[in-house]
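> Contents of run_30.txt (compact mmCIF, C-alpha atoms and all ligand atoms):
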# COMPACT_ATOMS: atom_id res chain seq x y z
CA MET A 123 -52.03 268.87 132.13
CA THR A 124 -49.33 270.51 130.01
CA LEU A 125 -45.72 269.91 130.96
CA GLU A 126 -43.48 272.93 130.99
CA SER A 127 -39.80 272.33 130.38
CA ILE A 128 -39.00 276.05 130.27
CA ARG A 129 -40.43 278.76 132.53
CA TYR A 130 -39.64 282.26 131.45
CA ARG A 131 -40.76 285.71 132.41
CA ALA A 132 -38.86 288.92 131.75
CA GLY A 133 -35.49 288.63 133.49
CA SER A 134 -36.07 285.15 134.92
CA LEU A 135 -35.51 281.71 133.41
CA GLN A 136 -36.09 278.32 134.97
CA ILE A 137 -35.68 274.88 133.44
CA LEU A 138 -37.13 271.58 134.51
CA ASN A 139 -34.10 269.44 135.39
CA GLN A 140 -34.68 266.47 133.06
CA LEU A 141 -31.90 264.46 134.70
CA LEU A 142 -34.21 264.03 137.71
CA LEU A 143 -37.32 263.00 135.78
CA PRO A 144 -39.55 261.07 136.13
CA HIS A 145 -39.09 260.82 139.90
CA GLN A 146 -38.47 264.41 140.82
CA THR A 147 -39.93 267.60 139.36
CA THR A 148 -37.37 270.26 140.11
CA TYR A 149 -37.07 273.61 138.37
CA GLU A 150 -33.64 275.25 138.39
CA GLU A 151 -32.86 278.89 137.93
CA ILE A 152 -30.70 279.81 134.94
CA HIS A 153 -29.02 283.12 135.76
CA SER A 154 -26.47 283.30 132.96
CA VAL A 155 -25.25 282.03 129.61
CA GLN A 156 -22.74 279.88 131.49
CA ASP A 157 -25.55 278.29 133.54
CA ALA A 158 -27.38 277.49 130.29
CA TYR A 159 -24.22 276.10 128.68
CA GLU A 160 -23.74 273.73 131.61
CA ALA A 161 -27.43 272.71 131.68
CA ILE A 162 -27.32 271.92 127.95
CA LYS A 163 -24.00 270.06 128.12
CA SER A 164 -25.10 267.94 131.10
CA MET A 165 -28.51 267.37 129.44
CA LYS A 166 -30.58 268.89 132.23
CA VAL A 167 -32.30 270.37 129.21
CA ARG A 168 -32.16 268.54 125.89
CA GLY A 169 -33.94 268.17 122.55
CA ALA A 170 -32.84 270.28 119.60
CA PRO A 171 -35.46 273.09 119.82
CA ALA A 172 -35.30 273.35 123.64
CA ILE A 173 -31.51 273.63 123.54
CA ALA A 174 -31.73 276.68 121.24
CA ILE A 175 -34.54 278.32 123.19
CA VAL A 176 -32.91 277.90 126.61
CA GLY A 177 -29.56 279.06 125.21
CA CYS A 178 -31.06 282.22 123.74
CA LEU A 179 -33.30 282.94 126.75
CA SER A 180 -30.27 282.78 129.04
CA LEU A 181 -28.76 285.50 126.89
CA ALA A 182 -31.97 287.53 127.22
CA VAL A 183 -31.76 287.21 131.02
CA GLU A 184 -28.22 288.57 131.02
CA LEU A 185 -29.04 291.34 128.56
CA ARG A 186 -31.96 292.47 130.70
CA ALA A 187 -29.50 292.85 133.57
CA GLY A 188 -27.40 295.14 131.35
CA ALA A 189 -24.76 292.64 130.20
CA GLY A 190 -22.44 293.85 127.48
CA GLY A 191 -22.42 297.44 128.74
CA ASP A 192 -21.56 299.78 125.89
CA ASP A 193 -20.73 296.92 123.54
CA PRO A 194 -23.62 294.44 123.66
CA VAL A 195 -22.84 293.12 120.16
CA THR A 196 -19.52 291.67 121.30
CA PHE A 197 -21.16 290.16 124.36
CA ILE A 198 -23.92 288.63 122.22
CA ARG A 199 -21.42 287.22 119.72
CA GLU A 200 -19.21 285.62 122.38
CA SER A 201 -22.22 284.23 124.28
CA LEU A 202 -23.77 282.67 121.16
CA CYS A 203 -20.45 281.16 120.14
CA HIS A 204 -20.10 279.55 123.58
CA LEU A 205 -23.67 278.24 123.60
CA THR A 206 -23.32 276.75 120.12
CA SER A 207 -20.32 274.71 121.24
CA ALA A 208 -22.24 272.88 124.01
CA ARG A 209 -23.71 270.18 121.75
CA PRO A 210 -22.62 269.95 118.12
CA THR A 211 -25.17 267.78 116.29
CA ALA A 212 -28.46 269.67 116.68
CA VAL A 213 -28.45 272.60 114.27
CA ASN A 214 -31.12 274.70 116.03
CA MET A 215 -28.76 276.56 118.39
CA GLY A 216 -26.34 277.31 115.56
CA ARG A 217 -29.16 278.57 113.34
CA ALA A 218 -30.62 280.75 116.10
CA ALA A 219 -27.15 282.15 116.80
CA ARG A 220 -26.63 283.03 113.14
CA GLU A 221 -30.03 284.69 112.78
CA LEU A 222 -29.81 286.52 116.07
CA MET A 223 -26.31 287.81 115.34
CA GLU A 224 -27.40 289.12 111.96
CA PHE A 225 -30.38 290.82 113.60
CA ALA A 226 -28.22 292.35 116.38
CA GLU A 227 -25.65 293.67 113.89
CA ASN A 228 -28.37 295.32 111.79
CA GLU A 229 -30.03 296.82 114.86
CA SER A 230 -26.70 298.19 116.11
CA MET A 231 -26.48 300.48 113.05
CA GLU A 232 -29.32 302.64 114.28
CA LYS A 233 -29.86 301.89 117.96
CA ASN A 234 -27.96 302.68 121.14
CA SER A 235 -26.88 299.90 123.49
CA GLU A 236 -30.02 300.01 125.61
CA GLN A 237 -32.35 299.97 122.60
CA LEU A 238 -30.32 297.18 121.02
CA ARG A 239 -30.62 295.07 124.17
CA GLU A 240 -34.38 295.62 124.17
CA SER A 241 -34.88 294.58 120.56
CA VAL A 242 -32.65 291.50 120.89
CA ILE A 243 -34.58 290.48 124.01
CA SER A 244 -37.90 290.78 122.10
CA TRP A 245 -36.50 288.72 119.22
CA ILE A 246 -35.52 285.99 121.67
CA GLU A 247 -38.81 286.08 123.58
CA ASP A 248 -40.68 285.55 120.30
CA MET A 249 -38.87 282.21 119.88
CA LEU A 250 -41.08 280.59 122.52
CA GLU A 251 -44.32 281.42 120.76
CA ARG A 252 -42.92 280.66 117.28
CA ASP A 253 -41.80 277.20 118.39
CA VAL A 254 -45.15 276.23 119.90
CA ASN A 255 -47.03 277.53 116.83
CA ASP A 256 -44.70 275.65 114.47
CA ASN A 257 -45.10 272.47 116.50
CA LYS A 258 -48.89 272.67 116.33
CA LYS A 259 -48.67 273.00 112.54
CA ILE A 260 -46.30 270.02 112.41
CA GLY A 261 -48.75 268.03 114.54
CA ASN A 262 -51.63 268.90 112.27
CA TYR A 263 -49.82 268.28 108.96
CA GLY A 264 -48.37 265.02 110.25
CA ALA A 265 -51.67 263.71 111.58
CA GLN A 266 -53.51 264.54 108.35
CA HIS A 267 -50.81 262.92 106.22
CA ILE A 268 -50.82 259.71 108.25
CA LEU A 269 -54.62 259.57 108.35
CA SER A 270 -54.89 260.10 104.60
CA GLY A 271 -53.51 256.56 104.23
CA VAL A 272 -56.09 255.06 106.60
CA PRO A 273 -59.28 257.09 106.16
CA ARG A 274 -61.43 255.38 108.79
CA ASP A 275 -59.17 253.53 111.21
CA SER A 276 -57.42 254.53 114.39
CA VAL A 277 -53.67 254.44 114.04
CA THR A 278 -50.78 252.94 115.97
CA ILE A 279 -47.53 254.88 115.99
CA LEU A 280 -44.02 253.92 117.01
CA THR A 281 -41.74 256.74 118.17
CA HIS A 282 -38.22 257.11 119.53
CA CYS A 283 -36.47 259.30 122.07
CA ASN A 284 -38.37 262.30 123.47
CA THR A 285 -39.71 264.91 121.11
CA GLY A 286 -42.54 266.31 123.20
CA SER A 287 -43.14 269.31 125.43
CA LEU A 288 -39.91 268.53 127.27
CA ALA A 289 -37.81 268.79 124.11
CA THR A 290 -39.39 271.98 122.78
CA ALA A 291 -41.12 275.14 124.01
CA GLY A 292 -44.32 273.06 124.07
CA TYR A 293 -46.48 270.55 122.19
CA GLY A 294 -43.56 268.76 120.56
CA THR A 295 -42.63 267.60 117.06
CA ALA A 296 -42.96 263.83 116.52
CA LEU A 297 -44.82 263.58 119.82
CA GLY A 298 -46.83 266.60 118.66
CA VAL A 299 -48.05 264.47 115.73
CA VAL A 300 -49.01 261.77 118.23
CA ARG A 301 -50.73 264.41 120.38
CA SER A 302 -52.70 265.71 117.37
CA LEU A 303 -53.82 262.18 116.47
CA HIS A 304 -54.92 261.68 120.06
CA THR A 305 -56.83 264.98 120.07
CA LEU A 306 -58.57 263.92 116.86
CA GLY A 307 -59.63 260.70 118.60
CA ARG A 308 -57.72 258.65 116.01
CA LEU A 309 -54.77 257.39 118.06
CA LYS A 310 -55.12 253.80 119.10
CA ARG A 311 -51.72 253.63 120.79
CA VAL A 312 -48.17 254.91 120.63
CA TYR A 313 -45.26 252.58 121.25
CA CYS A 314 -42.28 254.43 122.65
CA THR A 315 -38.83 252.97 122.74
CA GLU A 316 -36.82 253.08 125.92
CA THR A 317 -34.04 254.89 123.97
CA ARG A 318 -30.85 253.60 125.51
CA PRO A 319 -28.48 254.71 126.77
CA TYR A 320 -29.99 257.88 128.18
CA ASN A 321 -33.58 256.56 128.36
CA GLN A 322 -35.37 259.62 126.99
CA GLY A 323 -38.19 257.27 126.00
CA SER A 324 -38.77 255.49 129.31
CA ARG A 325 -38.05 258.53 131.49
CA LEU A 326 -39.46 261.41 129.44
CA THR A 327 -41.82 260.28 126.65
CA ALA A 328 -43.48 257.77 128.97
CA TYR A 329 -43.79 260.52 131.59
CA GLU A 330 -45.44 262.90 129.11
CA ALA A 331 -47.79 260.19 127.83
CA VAL A 332 -48.89 259.16 131.32
CA ALA A 333 -49.31 262.79 132.44
CA GLU A 334 -51.49 263.58 129.43
CA GLY A 335 -53.48 260.38 129.23
CA ILE A 336 -52.11 259.34 125.83
CA PRO A 337 -52.42 255.56 125.36
CA ALA A 338 -48.81 254.43 125.29
CA THR A 339 -46.73 251.29 125.66
CA LEU A 340 -43.06 251.23 126.50
CA ILE A 341 -40.75 248.80 124.69
CA THR A 342 -37.00 248.30 124.79
CA ASP A 343 -35.10 249.37 121.68
CA SER A 344 -34.45 245.72 120.87
CA MET A 345 -38.20 245.01 120.67
CA ALA A 346 -38.81 247.48 117.83
CA ALA A 347 -38.65 245.04 114.89
CA LEU A 348 -40.92 242.58 116.66
CA THR A 349 -43.35 245.37 117.55
CA MET A 350 -43.47 246.41 113.89
CA ARG A 351 -44.24 242.85 112.85
CA GLU A 352 -46.78 242.05 115.56
CA MET A 353 -48.52 245.27 116.58
CA ASN A 354 -49.95 246.60 113.33
CA ILE A 355 -47.88 249.78 113.39
CA THR A 356 -49.32 252.39 111.00
CA ALA A 357 -46.27 254.67 110.91
CA VAL A 358 -42.97 255.36 112.63
CA VAL A 359 -42.56 259.04 113.52
CA VAL A 360 -39.32 260.44 114.96
CA GLY A 361 -37.79 263.88 115.49
CA ALA A 362 -34.57 265.33 114.11
CA ASP A 363 -31.49 267.13 115.28
CA ARG A 364 -30.38 268.07 111.77
CA VAL A 365 -31.95 267.38 108.38
CA VAL A 366 -29.56 268.16 105.51
CA ALA A 367 -30.19 269.13 101.90
CA ASN A 368 -30.71 265.62 100.51
CA GLY A 369 -33.02 264.70 103.41
CA ASP A 370 -30.50 262.59 105.37
CA THR A 371 -31.44 263.05 109.03
CA ALA A 372 -29.43 262.98 112.23
CA ASN A 373 -31.54 261.97 115.21
CA LYS A 374 -31.14 260.05 118.44
CA VAL A 375 -29.01 256.95 118.03
CA GLY A 376 -31.25 254.01 117.16
CA THR A 377 -33.31 255.96 114.63
CA TYR A 378 -31.39 254.42 111.72
CA GLN A 379 -32.20 250.84 112.74
CA LEU A 380 -35.87 251.80 113.16
CA ALA A 381 -35.92 253.15 109.61
CA ILE A 382 -34.34 249.98 108.23
CA SER A 383 -36.85 247.87 110.09
CA ALA A 384 -39.78 250.05 108.98
CA LYS A 385 -38.68 249.66 105.35
CA HIS A 386 -38.49 245.87 105.76
CA HIS A 387 -42.04 245.80 107.16
CA GLY A 388 -43.46 248.26 104.60
CA ILE A 389 -44.29 250.83 107.32
CA PRO A 390 -44.05 254.53 106.39
CA PHE A 391 -41.21 256.27 108.21
CA TYR A 392 -41.64 259.97 109.01
CA VAL A 393 -39.30 262.63 110.38
CA ALA A 394 -41.09 265.51 112.15
CA ALA A 395 -39.04 268.67 112.60
CA PRO A 396 -39.37 272.44 112.30
CA SER A 397 -37.55 274.07 109.40
CA THR A 398 -35.13 275.44 112.01
CA SER A 399 -33.80 271.86 112.31
CA CYS A 400 -32.92 271.81 108.59
CA ASP A 401 -29.47 272.63 107.33
CA LEU A 402 -29.29 273.10 103.57
CA SER A 403 -25.60 274.04 103.81
CA LEU A 404 -24.70 270.35 104.14
CA GLU A 405 -25.29 268.16 101.12
CA SER A 406 -25.38 264.78 102.79
CA GLY A 407 -25.53 263.18 106.21
CA ARG A 408 -21.86 262.21 105.95
CA ASP A 409 -21.02 265.85 106.75
CA ILE A 410 -22.90 265.93 110.07
CA ILE A 411 -20.76 265.97 113.21
CA ILE A 412 -22.00 263.32 115.61
CA GLU A 413 -21.60 264.03 119.31
CA VAL A 414 -19.91 261.27 121.28
CA ARG A 415 -21.01 261.28 124.93
CA PRO A 416 -19.29 260.00 128.08
CA PRO A 417 -18.97 256.19 128.55
CA GLU A 418 -20.69 256.43 131.95
CA GLU A 419 -24.06 256.87 130.20
CA LEU A 420 -23.74 253.23 129.12
CA THR A 421 -21.89 251.74 132.04
CA SER A 422 -24.06 253.09 134.86
CA ILE A 423 -27.58 254.26 135.63
CA ASN A 424 -27.98 257.02 138.22
CA GLY A 425 -24.43 256.34 139.35
CA ILE A 426 -25.00 252.59 139.81
CA PRO A 427 -22.59 250.50 137.69
CA ILE A 428 -24.30 248.06 135.32
CA ALA A 429 -21.45 247.03 132.99
CA ALA A 430 -18.32 244.96 133.50
CA PRO A 431 -15.62 247.24 134.91
CA GLY A 432 -12.86 247.95 132.38
CA ILE A 433 -14.96 247.42 129.23
CA GLU A 434 -14.34 249.93 126.44
CA VAL A 435 -17.36 251.95 125.31
CA TRP A 436 -18.47 253.78 122.17
CA ASN A 437 -21.34 256.16 122.87
CA PRO A 438 -22.41 258.18 119.82
CA ALA A 439 -25.49 260.19 120.79
CA PHE A 440 -26.98 260.28 117.29
CA ASP A 441 -27.02 258.39 114.01
CA VAL A 442 -27.87 259.41 110.48
CA THR A 443 -30.83 257.91 108.64
CA PRO A 444 -30.27 257.94 104.87
CA HIS A 445 -33.00 259.82 102.99
CA GLN A 446 -33.99 256.68 101.02
CA LEU A 447 -35.41 255.25 104.24
CA ILE A 448 -37.61 258.27 105.02
CA THR A 449 -40.50 256.86 103.04
CA GLY A 450 -43.44 258.73 104.67
CA GLY A 451 -41.92 262.17 104.45
CA ILE A 452 -40.42 265.03 106.42
CA ILE A 453 -43.14 266.82 108.38
CA THR A 454 -42.40 270.53 108.86
CA GLU A 455 -44.50 273.56 109.81
CA LEU A 456 -44.67 274.29 106.06
CA GLY A 457 -46.07 270.92 105.05
CA VAL A 458 -44.95 267.34 104.48
CA PHE A 459 -42.21 266.81 101.92
CA LEU A 460 -40.42 263.83 100.49
CA PRO A 461 -36.67 264.10 101.07
CA SER A 462 -36.24 264.87 97.35
CA GLU A 463 -38.64 267.84 97.68
CA LEU A 464 -37.20 269.34 100.85
CA GLN A 465 -34.49 271.55 99.40
CA ALA A 466 -36.80 273.23 96.89
CA ALA A 467 -39.50 273.66 99.54
CA LEU A 468 -37.18 275.41 101.96
CA THR A 469 -34.99 277.41 99.61
CA GLY A 470 -35.56 281.10 100.23
CA ARG A 471 -37.28 280.42 103.54
CA LEU A 472 -34.17 279.61 105.61
CA THR A 473 -31.21 281.88 106.33
CA ALA A 474 -27.91 280.49 105.10
CA LEU A 475 -25.79 278.82 107.76
C1 LIG B 1 -37.93 267.73 119.22
S1 LIG B 1 -36.53 266.98 119.75
C2 LIG B 1 -35.77 266.22 118.32
C3 LIG B 1 -34.47 265.59 118.64
O1 LIG B 1 -33.66 266.54 119.27
C4 LIG B 1 -34.65 264.36 119.53
O2 LIG B 1 -35.25 263.34 118.77
C5 LIG B 1 -33.30 263.92 120.00
O3 LIG B 1 -32.57 263.26 119.29
C6 LIG B 1 -32.89 264.45 121.31
O4 LIG B 1 -31.61 264.06 121.68
P1 LIG B 1 -31.03 264.53 123.07
O5 LIG B 1 -29.67 263.88 123.14
O6 LIG B 1 -31.97 264.03 124.13
O7 LIG B 1 -30.93 266.04 123.05
Can you give me the file's structure in the form of structure tokens?


Amino acid sequence: MTLESIRYRAGSLQILNQLLLPHQTTYEEIHSVQDAYEAIKSMKVRGAPAIAIVGCLSLAVELRAGAGGDDPVTFIRESLCHLTSARPTAVNMGRAARELMEFAENESMEKNSEQLRESVISWIEDMLERDVNDNKKIGNYGAQHILSGVPRDSVTILTHCNTGSLATAGYGTALGVVRSLHTLGRLKRVYCTETRPYNQGSRLTAYEAVAEGIPATLITDSMAALTMREMNITAVVVGADRVVANGDTANKVGTYQLAISAKHHGIPFYVAAPSTSCDLSLESGRDIIIEVRPPEELTSINGIPIAAPGIEVWNPAFDVTPHQLITGGIITELGVFLPSELQAALTGRLTAL
């Protein structure tokens, strides 16, 4: 069974409301850019690639209905600007906005409004297929790289947050690597962290693993070091919201402590992300804006209070893992690179941000 986080056909977009998972499978209609903005902000849809794809598809839905009238370029610009502001840390939406705007401006030189709308819609629709294809390449490169260190054995992976079909157009990034290992018959088990405070691991990764028959064990975030020591972990593989020029990587909060622990235990630590998650315009992770989310994500679960009333809360959604700790490599659709190799590998392949 393949989980679908995004359902799209010309003029119609639905998203699986991830706030209701794993107990309820409810698809919601996205009629407009504003609907998508709200779904992204409230995390009904989340994960760096899925955010960009849903944002852009919502624009395609509006364009198909004739939005922008005689001046679609202005409508596209304003919509993309709004969508990009929903969540600041993941770079994918910002990159898609930049590339799409450049494309729309070029097209507008020789096409009328109707033709421009059509070509922008096609550009956006291609994103779905591109993302799945890139994820399959990431899965394959990552699996081969990990297996090259253990030629005969099955492997045990530890992962964090949710980076699977629910976070992308399909297949997934870090969870795509796990999926590829499983398909090859070489995955012994994946340990997935609960991923407090929003529980993407226990709600979403666990849900994907169970649905697809991937051997998986859930642990709390605080069990990660012990799991590394006791459970013969072959590699830690996580996703990314933004990888900058020196390889420093912003990902779901808790990633940094996993990388420190992996280093202590001599376990290779991998980041799996499409090149669209890379941002060569920033030199180091210090320049990444980290989203701070509402305190209620820590102090309650499904509206039920779990913390002492009145306590102050700090809830950064992401942390930055320094490149020195990414010892396995950065797995992209172009290959696996050490942080020190990333900039040269991607230069000329990415549009400037
Ligand atoms: C393929 S998803 C990669 C990352 O976006 C993922 O690891 C992550 O940090 C998601 O955070 P989220 O806050 O759930 O959007």

> Neighbours of ligand LIG 1 (chain B) at 8 Å or closer, counting only C-alpha atoms and all ligand atoms: which residues, as JSON, numbers by chain?

{"A": [165, 167, 168, 169, 170, 171, 172, 173, 212, 282, 283, 284, 285, 286, 289, 290, 294, 295, 296, 320, 322, 360, 361, 362, 363, 372, 373, 374, 375, 395, 439, 440]}

> For those residues, write C-alpha atoms to a file as a compact mmCIF listing (two decimals), in the frame of the given file.


# COMPACT_ATOMS: atom_id res chain seq x y z
CA MET A 165 -28.51 267.37 129.44
CA VAL A 167 -32.30 270.37 129.21
CA ARG A 168 -32.16 268.54 125.89
CA GLY A 169 -33.94 268.17 122.55
CA ALA A 170 -32.84 270.28 119.60
CA PRO A 171 -35.46 273.09 119.82
CA ALA A 172 -35.30 273.35 123.64
CA ILE A 173 -31.51 273.63 123.54
CA ALA A 212 -28.46 269.67 116.68
CA HIS A 282 -38.22 257.11 119.53
CA CYS A 283 -36.47 259.30 122.07
CA ASN A 284 -38.37 262.30 123.47
CA THR A 285 -39.71 264.91 121.11
CA GLY A 286 -42.54 266.31 123.20
CA ALA A 289 -37.81 268.79 124.11
CA THR A 290 -39.39 271.98 122.78
CA GLY A 294 -43.56 268.76 120.56
CA THR A 295 -42.63 267.60 117.06
CA ALA A 296 -42.96 263.83 116.52
CA TYR A 320 -29.99 257.88 128.18
CA GLN A 322 -35.37 259.62 126.99
CA VAL A 360 -39.32 260.44 114.96
CA GLY A 361 -37.79 263.88 115.49
CA ALA A 362 -34.57 265.33 114.11
CA ASP A 363 -31.49 267.13 115.28
CA ALA A 372 -29.43 262.98 112.23
CA ASN A 373 -31.54 261.97 115.21
CA LYS A 374 -31.14 260.05 118.44
CA VAL A 375 -29.01 256.95 118.03
CA ALA A 395 -39.04 268.67 112.60
CA ALA A 439 -25.49 260.19 120.79
CA PHE A 440 -26.98 260.28 117.29

> Show me, as a list in words, the residues that have an atom within 8 Å of Gly177 (chain A) when counting all atoms listed in the file, minus same-chain residues fewer than 4 positions from it.

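Contacts, in chain order: Val155, Ala158, Tyr159, Ile162, Ile173, Leu181, Leu202, Leu205 and Met215 of chain A.
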
> Now that the selection is made, can you save its residues with C-alpha atoms as an mmCIF file, keeping the file's coordinate frame?


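Printed below is out.cif as written:
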data_model
loop_
_atom_site.group_PDB
_atom_site.id
_atom_site.type_symbol
_atom_site.label_atom_id
_atom_site.label_comp_id
_atom_site.auth_asym_id
_atom_site.auth_seq_id
_atom_site.Cartn_x
_atom_site.Cartn_y
_atom_site.Cartn_z
ATOM 1 C CA VAL A 155 -25.250 282.030 129.610
ATOM 2 C CA ALA A 158 -27.380 277.490 130.290
ATOM 3 C CA TYR A 159 -24.220 276.100 128.680
ATOM 4 C CA ILE A 162 -27.320 271.920 127.950
ATOM 5 C CA ILE A 173 -31.510 273.630 123.540
ATOM 6 C CA LEU A 181 -28.760 285.500 126.890
ATOM 7 C CA LEU A 202 -23.770 282.670 121.160
ATOM 8 C CA LEU A 205 -23.670 278.240 123.600
ATOM 9 C CA MET A 215 -28.760 276.560 118.390
#

> What's around region 349-357 of chain A at 6 Å? Count all atoms listed in the file, leave out sequence neighbours fewer than 5 positions away in its own chain, and write the answer as a list of chain:residue names.

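Final neighbour list, sorted by chain and number: A:Val277, A:Thr278, A:Ile279, A:Ile389, A:Pro390, A:Phe391.
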
> For the atom pair CA of Gln156 (chain A) and CA of Ala189 (chain A), what is the interatomic distance in Å to one decimal place?

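Value for the CA of Gln156 (chain A)-CA of Ala189 (chain A) distance: 13.0 Å.
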
> Using all atoms listed in the file, which residue out of A:Ile336, A:Leu141, A:Val176, A:Ile452 lies closest to His153 (chain A)?

A:Val176

> Let me make sure I understand: among A:Val442, A:Ala291, A:Val358, A:Leu309, which one has the smallest atom-to-atom distance to Ile410 (chain A) if we use only C-alpha atoms?

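Selected residue with least distance to Ile410 (chain A): A:Val442.
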
> Nearest to Thr371 (chain A) among A:Leu306, A:Leu420, A:Leu464, A:Val299, with distances taken over only C-alpha atoms: which residue is it?

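The answer is A:Leu464, which sits nearest to Thr371 (chain A).
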
> Residues proximal to (-39.9, 268.4, 97.7) were defined as those with any atom within 12 Å of that point in the file's coordinates, counting all atoms listed in the file. Which are they, as a PyMOL selection string?

chain A and resi 367-369+451-454+456-469

> Of the candidates A:Arg239, A:His267, A:Lys259, A:Arg301, which one gets nearest to Glu184 (chain A) if we count all atoms listed in the file?

A:Arg239

> Add whatever atoms are absent from region 299-310 of chain A to reach N, CA and C atoms, and provide the output as a compact mmCIF listing (two decimals), in the frame of the given file.


# COMPACT_ATOMS: atom_id res chain seq x y z
N VAL A 299 -47.21 265.19 116.70
CA VAL A 299 -48.05 264.47 115.73
C VAL A 299 -48.91 263.45 116.47
N VAL A 300 -48.27 262.76 117.41
CA VAL A 300 -49.01 261.77 118.23
C VAL A 300 -50.12 262.49 119.01
N ARG A 301 -49.76 263.63 119.59
CA ARG A 301 -50.73 264.41 120.38
C ARG A 301 -51.91 264.85 119.50
N SER A 302 -51.63 265.29 118.28
CA SER A 302 -52.70 265.71 117.37
C SER A 302 -53.61 264.53 117.03
N LEU A 303 -53.01 263.37 116.77
CA LEU A 303 -53.82 262.18 116.47
C LEU A 303 -54.71 261.84 117.66
N HIS A 304 -54.15 261.97 118.84
CA HIS A 304 -54.92 261.68 120.06
C HIS A 304 -56.08 262.67 120.21
N THR A 305 -55.79 263.94 119.96
CA THR A 305 -56.83 264.98 120.07
C THR A 305 -57.95 264.72 119.06
N LEU A 306 -57.56 264.22 117.89
CA LEU A 306 -58.57 263.92 116.86
C LEU A 306 -59.36 262.65 117.18
N GLY A 307 -58.95 261.96 118.23
CA GLY A 307 -59.63 260.70 118.60
C GLY A 307 -59.24 259.56 117.67
N ARG A 308 -58.09 259.69 116.99
CA ARG A 308 -57.72 258.65 116.01
C ARG A 308 -56.45 257.89 116.41
N LEU A 309 -55.96 258.14 117.63
CA LEU A 309 -54.77 257.39 118.06
C LEU A 309 -55.20 256.18 118.86
N LYS A 310 -54.83 255.02 118.33
CA LYS A 310 -55.12 253.80 119.10
C LYS A 310 -54.06 253.68 120.21
